[in-house]
$ cat my_file_16.cif   # mmCIF, C-alpha atoms
data_final
#
loop_
_atom_site.group_PDB
_atom_site.id
_atom_site.type_symbol
_atom_site.label_atom_id
_atom_site.label_comp_id
_atom_site.auth_asym_id
_atom_site.auth_seq_id
_atom_site.Cartn_x
_atom_site.Cartn_y
_atom_site.Cartn_z
ATOM 1 C CA MET A 1 134.628 125.817 146.834
ATOM 2 C CA PRO A 2 131.653 123.638 145.915
ATOM 3 C CA ASP A 3 131.137 120.460 147.875
ATOM 4 C CA PRO A 4 132.421 117.499 145.724
ATOM 5 C CA GLN A 5 129.840 115.155 147.239
ATOM 6 C CA ALA A 6 127.034 117.556 146.452
ATOM 7 C CA THR A 7 128.353 118.002 142.909
ATOM 8 C CA ASN A 8 128.549 114.216 142.324
ATOM 9 C CA SER A 9 125.078 113.735 143.776
ATOM 10 C CA SER A 10 123.720 116.448 141.503
ATOM 11 C CA ARG A 11 125.354 114.824 138.467
ATOM 12 C CA ARG A 12 123.972 111.392 139.355
ATOM 13 C CA GLN A 13 120.524 112.881 139.761
ATOM 14 C CA ALA A 14 120.824 114.670 136.406
ATOM 15 C CA ASN A 15 122.036 111.481 134.717
ATOM 16 C CA ARG A 16 119.199 109.474 136.244
ATOM 17 C CA SER A 17 116.703 112.058 135.037
ATOM 18 C CA LEU A 18 118.202 111.942 131.535
ATOM 19 C CA VAL A 19 118.042 108.124 131.424
ATOM 20 C CA ILE A 20 114.400 108.173 132.498
ATOM 21 C CA LYS A 21 113.576 110.737 129.821
ATOM 22 C CA LEU A 22 115.375 108.697 127.142
ATOM 23 C CA LEU A 23 113.574 105.508 128.179
ATOM 24 C CA GLY A 24 110.279 107.362 128.107
ATOM 25 C CA ALA A 25 111.042 108.703 124.640
ATOM 26 C CA THR A 26 111.941 105.198 123.416
ATOM 27 C CA VAL A 27 108.688 103.725 124.749
ATOM 28 C CA ALA A 28 106.752 106.600 123.209
ATOM 29 C CA MET A 29 108.387 106.023 119.811
ATOM 30 C CA PHE A 30 107.520 102.316 119.872
ATOM 31 C CA GLY A 31 103.967 103.143 120.881
ATOM 32 C CA PHE A 32 103.694 105.689 118.104
ATOM 33 C CA GLY A 33 105.014 103.142 115.603
ATOM 34 C CA PHE A 34 102.335 100.623 116.555
ATOM 35 C CA ALA A 35 99.679 103.335 116.483
ATOM 36 C CA LEU A 36 100.650 104.337 112.951
ATOM 37 C CA VAL A 37 99.158 101.150 111.489
ATOM 38 C CA PRO A 38 95.533 101.660 112.628
ATOM 39 C CA ILE A 39 95.829 105.413 112.043
ATOM 40 C CA TYR A 40 97.086 104.750 108.505
ATOM 41 C CA ASP A 41 94.251 102.287 107.867
ATOM 42 C CA ILE A 42 91.610 104.753 109.091
ATOM 43 C CA MET A 43 92.994 107.632 107.038
ATOM 44 C CA CYS A 44 93.385 105.528 103.921
ATOM 45 C CA ASP A 45 89.877 104.132 104.195
ATOM 46 C CA ALA A 46 88.485 107.631 104.657
ATOM 47 C CA LEU A 47 90.437 109.118 101.781
ATOM 48 C CA GLY A 48 90.308 106.085 99.498
ATOM 49 C CA ILE A 49 94.054 106.158 98.815
ATOM 50 C CA ASN A 50 95.261 102.965 100.420
ATOM 51 C CA GLY A 51 97.266 100.412 98.491
ATOM 52 C CA LYS A 52 95.558 97.407 100.029
ATOM 53 C CA THR A 53 93.937 94.875 97.756
ATOM 54 C CA ASN A 54 90.936 92.701 98.555
ATOM 55 C CA SER A 55 91.544 90.415 101.536
ATOM 56 C CA GLU A 56 89.134 87.746 100.266
ATOM 57 C CA ALA A 57 88.767 85.995 96.938
ATOM 58 C CA VAL A 58 86.364 87.472 94.407
ATOM 59 C CA GLU A 59 84.640 85.726 91.543
ATOM 60 C CA ALA A 60 85.490 86.819 88.040
ATOM 61 C CA PRO A 61 82.257 88.086 86.442
ATOM 62 C CA THR A 62 80.923 85.606 83.898
ATOM 63 C CA ALA A 63 80.420 88.357 81.332
ATOM 64 C CA LEU A 64 83.870 89.835 81.872
ATOM 65 C CA THR A 65 85.633 90.658 78.620
ATOM 66 C CA ALA A 66 89.086 92.076 78.059
ATOM 67 C CA ASP A 67 89.526 95.635 76.853
ATOM 68 C CA ILE A 68 92.112 94.958 74.161
ATOM 69 C CA SER A 69 92.316 98.638 73.284
ATOM 70 C CA ARG A 70 94.664 99.275 76.195
ATOM 71 C CA THR A 71 97.263 97.477 78.277
ATOM 72 C CA ILE A 72 98.511 97.983 81.797
ATOM 73 C CA LYS A 73 101.927 96.914 82.981
ATOM 74 C CA VAL A 74 101.791 94.907 86.214
ATOM 75 C CA GLU A 75 105.047 94.661 88.148
ATOM 76 C CA PHE A 76 105.572 91.953 90.769
ATOM 77 C CA ILE A 77 107.807 92.509 93.792
ATOM 78 C CA ALA A 78 108.682 90.268 96.738
ATOM 79 C CA HIS A 79 109.975 91.316 100.142
ATOM 80 C CA ILE A 80 110.852 89.026 103.008
ATOM 81 C CA ASN A 81 110.992 89.750 106.705
ATOM 82 C CA PRO A 82 114.611 89.805 107.998
ATOM 83 C CA ASN A 83 115.860 86.610 109.671
ATOM 84 C CA MET A 84 113.299 84.454 107.842
ATOM 85 C CA PRO A 85 115.266 81.680 106.084
ATOM 86 C CA TRP A 86 113.123 81.620 102.940
ATOM 87 C CA ASP A 87 113.736 82.528 99.338
ATOM 88 C CA PHE A 88 110.700 84.297 97.905
ATOM 89 C CA LYS A 89 110.278 85.718 94.418
ATOM 90 C CA PRO A 90 107.695 86.203 91.661
ATOM 91 C CA GLN A 91 107.556 83.758 88.773
ATOM 92 C CA VAL A 92 107.830 86.745 86.408
ATOM 93 C CA SER A 93 108.921 90.285 87.233
ATOM 94 C CA SER A 94 106.270 92.001 85.093
ATOM 95 C CA MET A 95 103.656 91.462 82.401
ATOM 96 C CA GLU A 96 101.377 93.472 80.135
ATOM 97 C CA VAL A 97 97.688 92.777 80.721
ATOM 98 C CA HIS A 98 94.390 94.036 79.336
ATOM 99 C CA PRO A 99 91.779 95.392 81.773
ATOM 100 C CA GLY A 100 89.137 92.689 82.212
ATOM 101 C CA GLU A 101 91.598 89.903 81.343
ATOM 102 C CA VAL A 102 91.897 87.093 83.918
ATOM 103 C CA ILE A 103 95.592 86.409 84.524
ATOM 104 C CA GLN A 104 97.265 83.464 86.222
ATOM 105 C CA THR A 105 100.802 83.598 87.590
ATOM 106 C CA ALA A 106 102.611 82.544 90.780
ATOM 107 C CA TYR A 107 105.215 83.331 93.387
ATOM 108 C CA LEU A 108 107.943 80.838 94.268
ATOM 109 C CA ALA A 109 109.066 80.094 97.818
ATOM 110 C CA GLN A 110 111.791 77.910 99.269
ATOM 111 C CA ASN A 111 112.327 77.122 102.949
ATOM 112 C CA ARG A 112 116.083 76.845 103.553
ATOM 113 C CA ALA A 113 115.638 75.865 107.189
ATOM 114 C CA SER A 114 115.545 72.246 108.358
ATOM 115 C CA HIS A 115 112.160 72.622 110.056
ATOM 116 C CA THR A 116 108.643 73.640 109.039
ATOM 117 C CA ILE A 117 108.008 77.374 108.896
ATOM 118 C CA VAL A 118 104.625 79.034 108.437
ATOM 119 C CA GLY A 119 104.612 82.178 106.305
ATOM 120 C CA GLN A 120 101.974 84.835 105.748
ATOM 121 C CA ALA A 121 102.127 87.182 102.772
ATOM 122 C CA VAL A 122 100.750 90.715 103.025
ATOM 123 C CA PRO A 123 100.003 92.382 99.662
ATOM 124 C CA SER A 124 99.875 95.992 98.594
ATOM 125 C CA VAL A 125 99.333 97.749 95.273
ATOM 126 C CA SER A 126 100.713 101.065 94.109
ATOM 127 C CA PRO A 127 99.648 103.576 93.138
ATOM 128 C CA GLY A 128 97.038 103.396 95.877
ATOM 129 C CA LEU A 129 94.365 104.707 93.538
ATOM 130 C CA GLY A 130 94.649 101.522 91.477
ATOM 131 C CA ALA A 131 94.275 99.105 94.398
ATOM 132 C CA SER A 132 90.465 99.106 94.302
ATOM 133 C CA TYR A 133 90.566 98.082 90.610
ATOM 134 C CA PHE A 134 92.889 95.125 91.239
ATOM 135 C CA ASN A 135 90.907 91.979 92.121
ATOM 136 C CA LYS A 136 92.383 88.678 93.260
ATOM 137 C CA VAL A 137 90.339 85.594 92.315
ATOM 138 C CA GLU A 138 92.866 83.300 93.979
ATOM 139 C CA CYS A 139 95.844 84.287 96.103
ATOM 140 C CA PHE A 140 98.241 82.560 98.462
ATOM 141 C CA CYS A 141 97.972 85.634 100.679
ATOM 142 C CA PHE A 142 94.471 84.583 101.758
ATOM 143 C CA ASN A 143 95.889 81.707 103.818
ATOM 144 C CA LYS A 144 98.835 80.773 105.980
ATOM 145 C CA GLN A 145 101.608 79.055 104.044
ATOM 146 C CA PRO A 146 103.282 76.192 105.976
ATOM 147 C CA LEU A 147 106.354 74.865 104.207
ATOM 148 C CA ASP A 148 108.436 71.879 105.284
ATOM 149 C CA GLY A 149 112.122 72.263 105.873
ATOM 150 C CA ASN A 150 114.320 72.159 102.759
ATOM 151 C CA SER A 151 111.230 72.342 100.567
ATOM 152 C CA GLN A 152 109.996 74.654 97.854
ATOM 153 C CA THR A 153 106.583 75.408 96.461
ATOM 154 C CA GLU A 154 104.722 77.405 93.850
ATOM 155 C CA MET A 155 102.031 79.699 95.229
ATOM 156 C CA PRO A 156 99.325 80.579 92.675
ATOM 157 C CA LEU A 157 97.889 84.000 91.987
ATOM 158 C CA ILE A 158 94.878 84.672 89.728
ATOM 159 C CA PHE A 159 93.734 88.238 89.248
ATOM 160 C CA TYR A 160 92.068 90.704 86.923
ATOM 161 C CA ILE A 161 92.014 94.478 86.614
ATOM 162 C CA GLU A 162 88.632 96.136 86.267
ATOM 163 C CA ARG A 163 87.847 97.646 82.894
ATOM 164 C CA ASP A 164 86.949 101.043 84.349
ATOM 165 C CA ILE A 165 90.401 101.637 85.830
ATOM 166 C CA PRO A 166 91.316 105.314 85.204
ATOM 167 C CA GLU A 167 93.083 106.064 81.946
ATOM 168 C CA SER A 168 95.794 107.855 83.904
ATOM 169 C CA ILE A 169 97.019 104.557 85.378
ATOM 170 C CA HIS A 170 99.452 102.766 83.087
ATOM 171 C CA THR A 171 101.418 100.700 85.628
ATOM 172 C CA LEU A 172 100.439 98.810 88.770
ATOM 173 C CA THR A 173 102.987 97.383 91.185
ATOM 174 C CA LEU A 174 101.901 94.382 93.229
ATOM 175 C CA SER A 175 104.150 93.874 96.234
ATOM 176 C CA TYR A 176 104.097 91.044 98.767
ATOM 177 C CA THR A 177 105.885 91.101 102.110
ATOM 178 C CA LEU A 178 106.351 87.677 103.681
ATOM 179 C CA TYR A 179 106.326 87.242 107.470
ATOM 180 C CA ASP A 180 107.223 84.282 109.686
ATOM 181 C CA ILE A 181 104.121 83.523 111.783
ATOM 182 C CA THR A 182 105.139 80.035 112.928
ATOM 183 C CA ASP A 183 104.923 80.921 116.627
ATOM 184 C CA LYS A 184 101.456 82.416 116.147
ATOM 185 C CA SER A 185 100.098 79.433 114.249
ATOM 186 C CA ASP A 186 98.478 76.232 115.419
ATOM 187 C CA PRO A 187 100.735 74.500 117.992
ATOM 188 C CA SER A 188 100.450 71.279 115.982
ATOM 189 C CA THR A 189 102.093 73.070 113.071
ATOM 190 C CA ALA A 190 104.918 74.319 115.238
ATOM 191 C CA SER A 191 105.468 70.811 116.681
ATOM 192 C CA ALA A 192 105.966 69.543 113.147
ATOM 193 C CA LYS A 193 109.439 71.046 113.274
ATOM 194 C CA ALA A 194 110.652 67.945 115.059
ATOM 195 C CA SER A 195 108.408 65.351 113.404
ATOM 196 C CA THR A 196 108.395 66.363 109.727
ATOM 197 C CA PRO A 197 111.021 64.580 107.622
ATOM 198 C CA ASN A 198 113.140 66.712 105.357
ATOM 199 C CA GLN A 199 111.968 66.322 101.793
ATOM 200 C CA LEU A 200 112.708 68.404 98.765
ATOM 201 C CA GLN A 201 109.529 68.990 96.828
ATOM 202 C CA GLY A 202 110.067 70.193 93.296
ATOM 203 C CA ALA A 203 108.162 73.310 92.380
ATOM 204 C CA THR A 204 106.002 73.222 89.297
ATOM 205 C CA GLN A 205 107.500 75.442 86.689
#

$ encode --input "my_file_16.cif" --output "structure tokens"
Amino acid sequence: MPDPQATNSSRRQANRSLVIKLLGATVAMFGFGFALVPIYDIMCDALGINGKTNSEAVEAPTALTADISRTIKVEFIAHINPNMPWDFKPQVSSMEVHPGEVIQTAYLAQNRASHTIVGQAVPSVSPGLGASYFNKVECFCFNKQPLDGNSQTEMPLIFYIERDIPESIHTLTLSYTLYDITDKSDPSTASAKASTPNQLQGATQ
């Protein structure tokens, strides 16, 4: 008969080996997830298919004129990072615009927490081919967005679509994902949680 002690020792050793392998696989998956972002950026830049828009404001050309012979539907979408106590939505869900036409709209945000929270919006445009033709003259995504507790605000967006956008593109979807970056912001902003009085600021409609 097999030795019970030897059998138990063998099982413990096998279990320990399995746990180590599972932990290693978990760490590897997290590492791969973080690596996907720079890999994705490099591939998209090389292939020209990324859905990222300009990260800095551009000036609308003085001689820019709208191409009224065609329209493009622009859809606006808002996502919010889980556990962030904000409401975040576009002022309008979609609009029809002419290439070369300078458009002004906004996103609306409300901080439901009792303390100041700093948000950062990350934009993307789909299809990716249309991203390089979508230019933001002014965008709340260029800056951090501190918002006092129990307050709301209107965050402006001014953009235009270049006239030479391919004829095959009829719809562009502009999506913003909002992240809580309070802990990564200036310590003075984070300390405002305790010192900022709660005021409800009406958003401009």

$ atom_distance --input "my_file_16.cif" --atom1 "atom CA of A:Ser114" --atom2 "atom CA of A:Trp86"
11.1 Å

$ atom_distance --input "my_file_16.cif" --atom1 "atom CA of A:Ser175" --atom2 "atom CA of A:His115"
26.6 Å

$ atom_distance --input "my_file_16.cif" --atom1 "atom CA of A:Ile77" --atom2 "atom CA of A:Ile165"
21.2 Å

$ resolve_selection --input "my_file_16.cif" --expression "the PyMOL selection byres ((chain A and resi 65) around 6)" --output "ChimeraX atom specification"
/A:64,66,100

$ residues_around --input "my_file_16.cif" --residues "A:His98" --least-positions-apart "3" --cutoff "8 Å" --atoms "all atoms listed in the file" --output "list in words"
Ala66, Asp67, Ile68, Ser69, Arg70, Thr71, Ile72, Glu101 and Ile161 of chain A

$ write_last_selection --input "my_file_16.cif" --atoms "C-alpha atoms" --output "mmCIF file, in the frame of the given file"
data_model
loop_
_atom_site.group_PDB
_atom_site.id
_atom_site.type_symbol
_atom_site.label_atom_id
_atom_site.label_comp_id
_atom_site.auth_asym_id
_atom_site.auth_seq_id
_atom_site.Cartn_x
_atom_site.Cartn_y
_atom_site.Cartn_z
ATOM 1 C CA ALA A 66 89.086 92.076 78.059
ATOM 2 C CA ASP A 67 89.526 95.635 76.853
ATOM 3 C CA ILE A 68 92.112 94.958 74.161
ATOM 4 C CA SER A 69 92.316 98.638 73.284
ATOM 5 C CA ARG A 70 94.664 99.275 76.195
ATOM 6 C CA THR A 71 97.263 97.477 78.277
ATOM 7 C CA ILE A 72 98.511 97.983 81.797
ATOM 8 C CA GLU A 101 91.598 89.903 81.343
ATOM 9 C CA ILE A 161 92.014 94.478 86.614
#

$ residues_around --input "my_file_16.cif" --residues "A:Ile103" --least-positions-apart "3" --cutoff "8 Å" --atoms "only C-alpha atoms" --output "PyMOL selection string"
chain A and resi 97+158-160

$ residues_around --input "my_file_16.cif" --residues "A:Tyr176" --least-positions-apart "4" --cutoff "9 Å" --atoms "all atoms listed in the file" --output "PyMOL selection string"
chain A and resi 76-80+121-125+141

$ closest_residue --input "my_file_16.cif" --among "A:Gln104, A:Asn150, A:Gln13, A:Gln110" --to "A:Val92" --atoms "only C-alpha atoms"
A:Gln104

$ closest_residue --input "my_file_16.cif" --among "A:Ser126, A:Ser17, A:Gln91, A:Ser168" --to "A:Ala106" --atoms "all atoms listed in the file"
A:Gln91

$ decode --input "my_file_16.cif" --residues "stretch 98-145 of chain A" --atoms "N, CA and C atoms" --output "compact mmCIF listing (two decimals), in the first residue's frame"
# COMPACT_ATOMS: atom_id res chain seq x y z
N HIS A 98 -21.90 69.63 -42.01
CA HIS A 98 -21.24 69.70 -43.31
C HIS A 98 -19.73 69.67 -43.10
N PRO A 99 -18.97 68.94 -43.92
CA PRO A 99 -17.52 69.03 -43.84
C PRO A 99 -17.07 70.49 -44.01
N GLY A 100 -16.14 70.93 -43.18
CA GLY A 100 -15.68 72.31 -43.22
C GLY A 100 -16.49 73.25 -42.35
N GLU A 101 -17.57 72.77 -41.76
CA GLU A 101 -18.43 73.60 -40.91
C GLU A 101 -17.93 73.53 -39.47
N VAL A 102 -17.72 74.68 -38.83
CA VAL A 102 -17.28 74.72 -37.44
C VAL A 102 -18.50 74.58 -36.53
N ILE A 103 -18.47 73.57 -35.68
CA ILE A 103 -19.62 73.21 -34.85
C ILE A 103 -19.29 73.40 -33.38
N GLN A 104 -20.24 73.93 -32.63
CA GLN A 104 -20.07 74.08 -31.19
C GLN A 104 -21.16 73.28 -30.47
N THR A 105 -20.74 72.47 -29.51
CA THR A 105 -21.67 71.72 -28.68
C THR A 105 -21.03 71.58 -27.31
N ALA A 106 -21.50 70.63 -26.50
CA ALA A 106 -20.95 70.49 -25.15
C ALA A 106 -21.33 69.13 -24.57
N TYR A 107 -20.60 68.77 -23.54
CA TYR A 107 -20.95 67.62 -22.70
C TYR A 107 -21.31 68.17 -21.31
N LEU A 108 -22.20 67.48 -20.63
CA LEU A 108 -22.66 67.91 -19.32
C LEU A 108 -22.17 66.93 -18.25
N ALA A 109 -21.67 67.48 -17.16
CA ALA A 109 -21.15 66.64 -16.07
C ALA A 109 -21.71 67.11 -14.74
N GLN A 110 -21.97 66.17 -13.87
CA GLN A 110 -22.43 66.48 -12.51
C GLN A 110 -21.70 65.58 -11.52
N ASN A 111 -21.12 66.21 -10.50
CA ASN A 111 -20.42 65.48 -9.44
C ASN A 111 -21.41 65.22 -8.31
N ARG A 112 -21.79 63.97 -8.11
CA ARG A 112 -22.76 63.62 -7.07
C ARG A 112 -22.12 63.40 -5.71
N ALA A 113 -20.79 63.44 -5.66
CA ALA A 113 -20.10 63.28 -4.39
C ALA A 113 -20.11 64.60 -3.62
N SER A 114 -19.74 64.54 -2.35
CA SER A 114 -19.73 65.75 -1.52
C SER A 114 -18.38 66.44 -1.52
N HIS A 115 -17.42 65.91 -2.26
CA HIS A 115 -16.09 66.51 -2.31
C HIS A 115 -15.66 66.72 -3.77
N THR A 116 -14.62 67.52 -3.93
CA THR A 116 -14.10 67.82 -5.27
C THR A 116 -13.49 66.57 -5.90
N ILE A 117 -13.81 66.35 -7.15
CA ILE A 117 -13.23 65.24 -7.91
C ILE A 117 -12.68 65.81 -9.22
N VAL A 118 -11.51 65.34 -9.60
CA VAL A 118 -10.88 65.78 -10.84
C VAL A 118 -11.06 64.68 -11.90
N GLY A 119 -11.67 65.04 -13.01
CA GLY A 119 -11.89 64.09 -14.09
C GLY A 119 -10.99 64.38 -15.29
N GLN A 120 -10.75 63.37 -16.07
CA GLN A 120 -10.01 63.51 -17.32
C GLN A 120 -10.72 62.69 -18.39
N ALA A 121 -11.10 63.35 -19.47
CA ALA A 121 -11.82 62.68 -20.55
C ALA A 121 -10.84 62.25 -21.64
N VAL A 122 -11.00 61.02 -22.11
CA VAL A 122 -10.17 60.48 -23.18
C VAL A 122 -11.07 60.22 -24.39
N PRO A 123 -10.81 60.90 -25.51
CA PRO A 123 -11.69 60.77 -26.68
C PRO A 123 -11.23 59.71 -27.66
N SER A 124 -12.16 59.25 -28.46
CA SER A 124 -11.83 58.38 -29.59
C SER A 124 -12.90 58.59 -30.66
N VAL A 125 -12.53 58.33 -31.89
CA VAL A 125 -13.46 58.49 -33.02
C VAL A 125 -13.49 57.19 -33.81
N SER A 126 -14.66 56.77 -34.19
CA SER A 126 -14.79 55.62 -35.08
C SER A 126 -15.70 56.01 -36.25
N PRO A 127 -15.45 55.44 -37.43
CA PRO A 127 -14.34 54.52 -37.72
C PRO A 127 -12.98 55.20 -37.62
N GLY A 128 -11.96 54.40 -37.34
CA GLY A 128 -10.62 54.95 -37.14
C GLY A 128 -10.12 55.76 -38.32
N LEU A 129 -10.54 55.38 -39.52
CA LEU A 129 -10.11 56.10 -40.71
C LEU A 129 -10.54 57.57 -40.68
N GLY A 130 -11.64 57.86 -40.00
CA GLY A 130 -12.15 59.23 -39.97
C GLY A 130 -11.54 60.09 -38.89
N ALA A 131 -10.77 59.49 -37.97
CA ALA A 131 -10.22 60.24 -36.84
C ALA A 131 -9.31 61.38 -37.29
N SER A 132 -8.50 61.14 -38.32
CA SER A 132 -7.54 62.17 -38.75
C SER A 132 -8.23 63.34 -39.45
N TYR A 133 -9.52 63.19 -39.78
CA TYR A 133 -10.27 64.28 -40.44
C TYR A 133 -11.13 65.05 -39.43
N PHE A 134 -11.12 64.59 -38.18
CA PHE A 134 -11.92 65.22 -37.13
C PHE A 134 -11.00 66.10 -36.29
N ASN A 135 -11.20 67.42 -36.33
CA ASN A 135 -10.32 68.36 -35.64
C ASN A 135 -11.06 69.11 -34.55
N LYS A 136 -10.47 69.12 -33.36
CA LYS A 136 -11.06 69.81 -32.22
C LYS A 136 -10.38 71.17 -32.05
N VAL A 137 -11.15 72.24 -32.18
CA VAL A 137 -10.65 73.60 -31.96
C VAL A 137 -10.60 73.89 -30.46
N GLU A 138 -11.60 73.41 -29.76
CA GLU A 138 -11.65 73.54 -28.30
C GLU A 138 -12.28 72.28 -27.75
N CYS A 139 -11.70 71.76 -26.66
CA CYS A 139 -12.22 70.51 -26.10
C CYS A 139 -11.85 70.42 -24.63
N PHE A 140 -12.81 70.01 -23.83
CA PHE A 140 -12.58 69.82 -22.40
C PHE A 140 -11.58 68.70 -22.14
N CYS A 141 -11.38 67.84 -23.15
CA CYS A 141 -10.46 66.72 -22.97
C CYS A 141 -9.00 67.15 -22.95
N PHE A 142 -8.72 68.41 -23.34
CA PHE A 142 -7.35 68.89 -23.35
C PHE A 142 -6.84 69.17 -21.94
N ASN A 143 -7.74 69.31 -20.98
CA ASN A 143 -7.36 69.70 -19.62
C ASN A 143 -8.06 68.82 -18.59
N LYS A 144 -7.48 68.83 -17.39
CA LYS A 144 -8.14 68.18 -16.26
C LYS A 144 -9.41 68.95 -15.93
N GLN A 145 -10.41 68.25 -15.39
CA GLN A 145 -11.69 68.87 -15.11
C GLN A 145 -12.05 68.72 -13.63
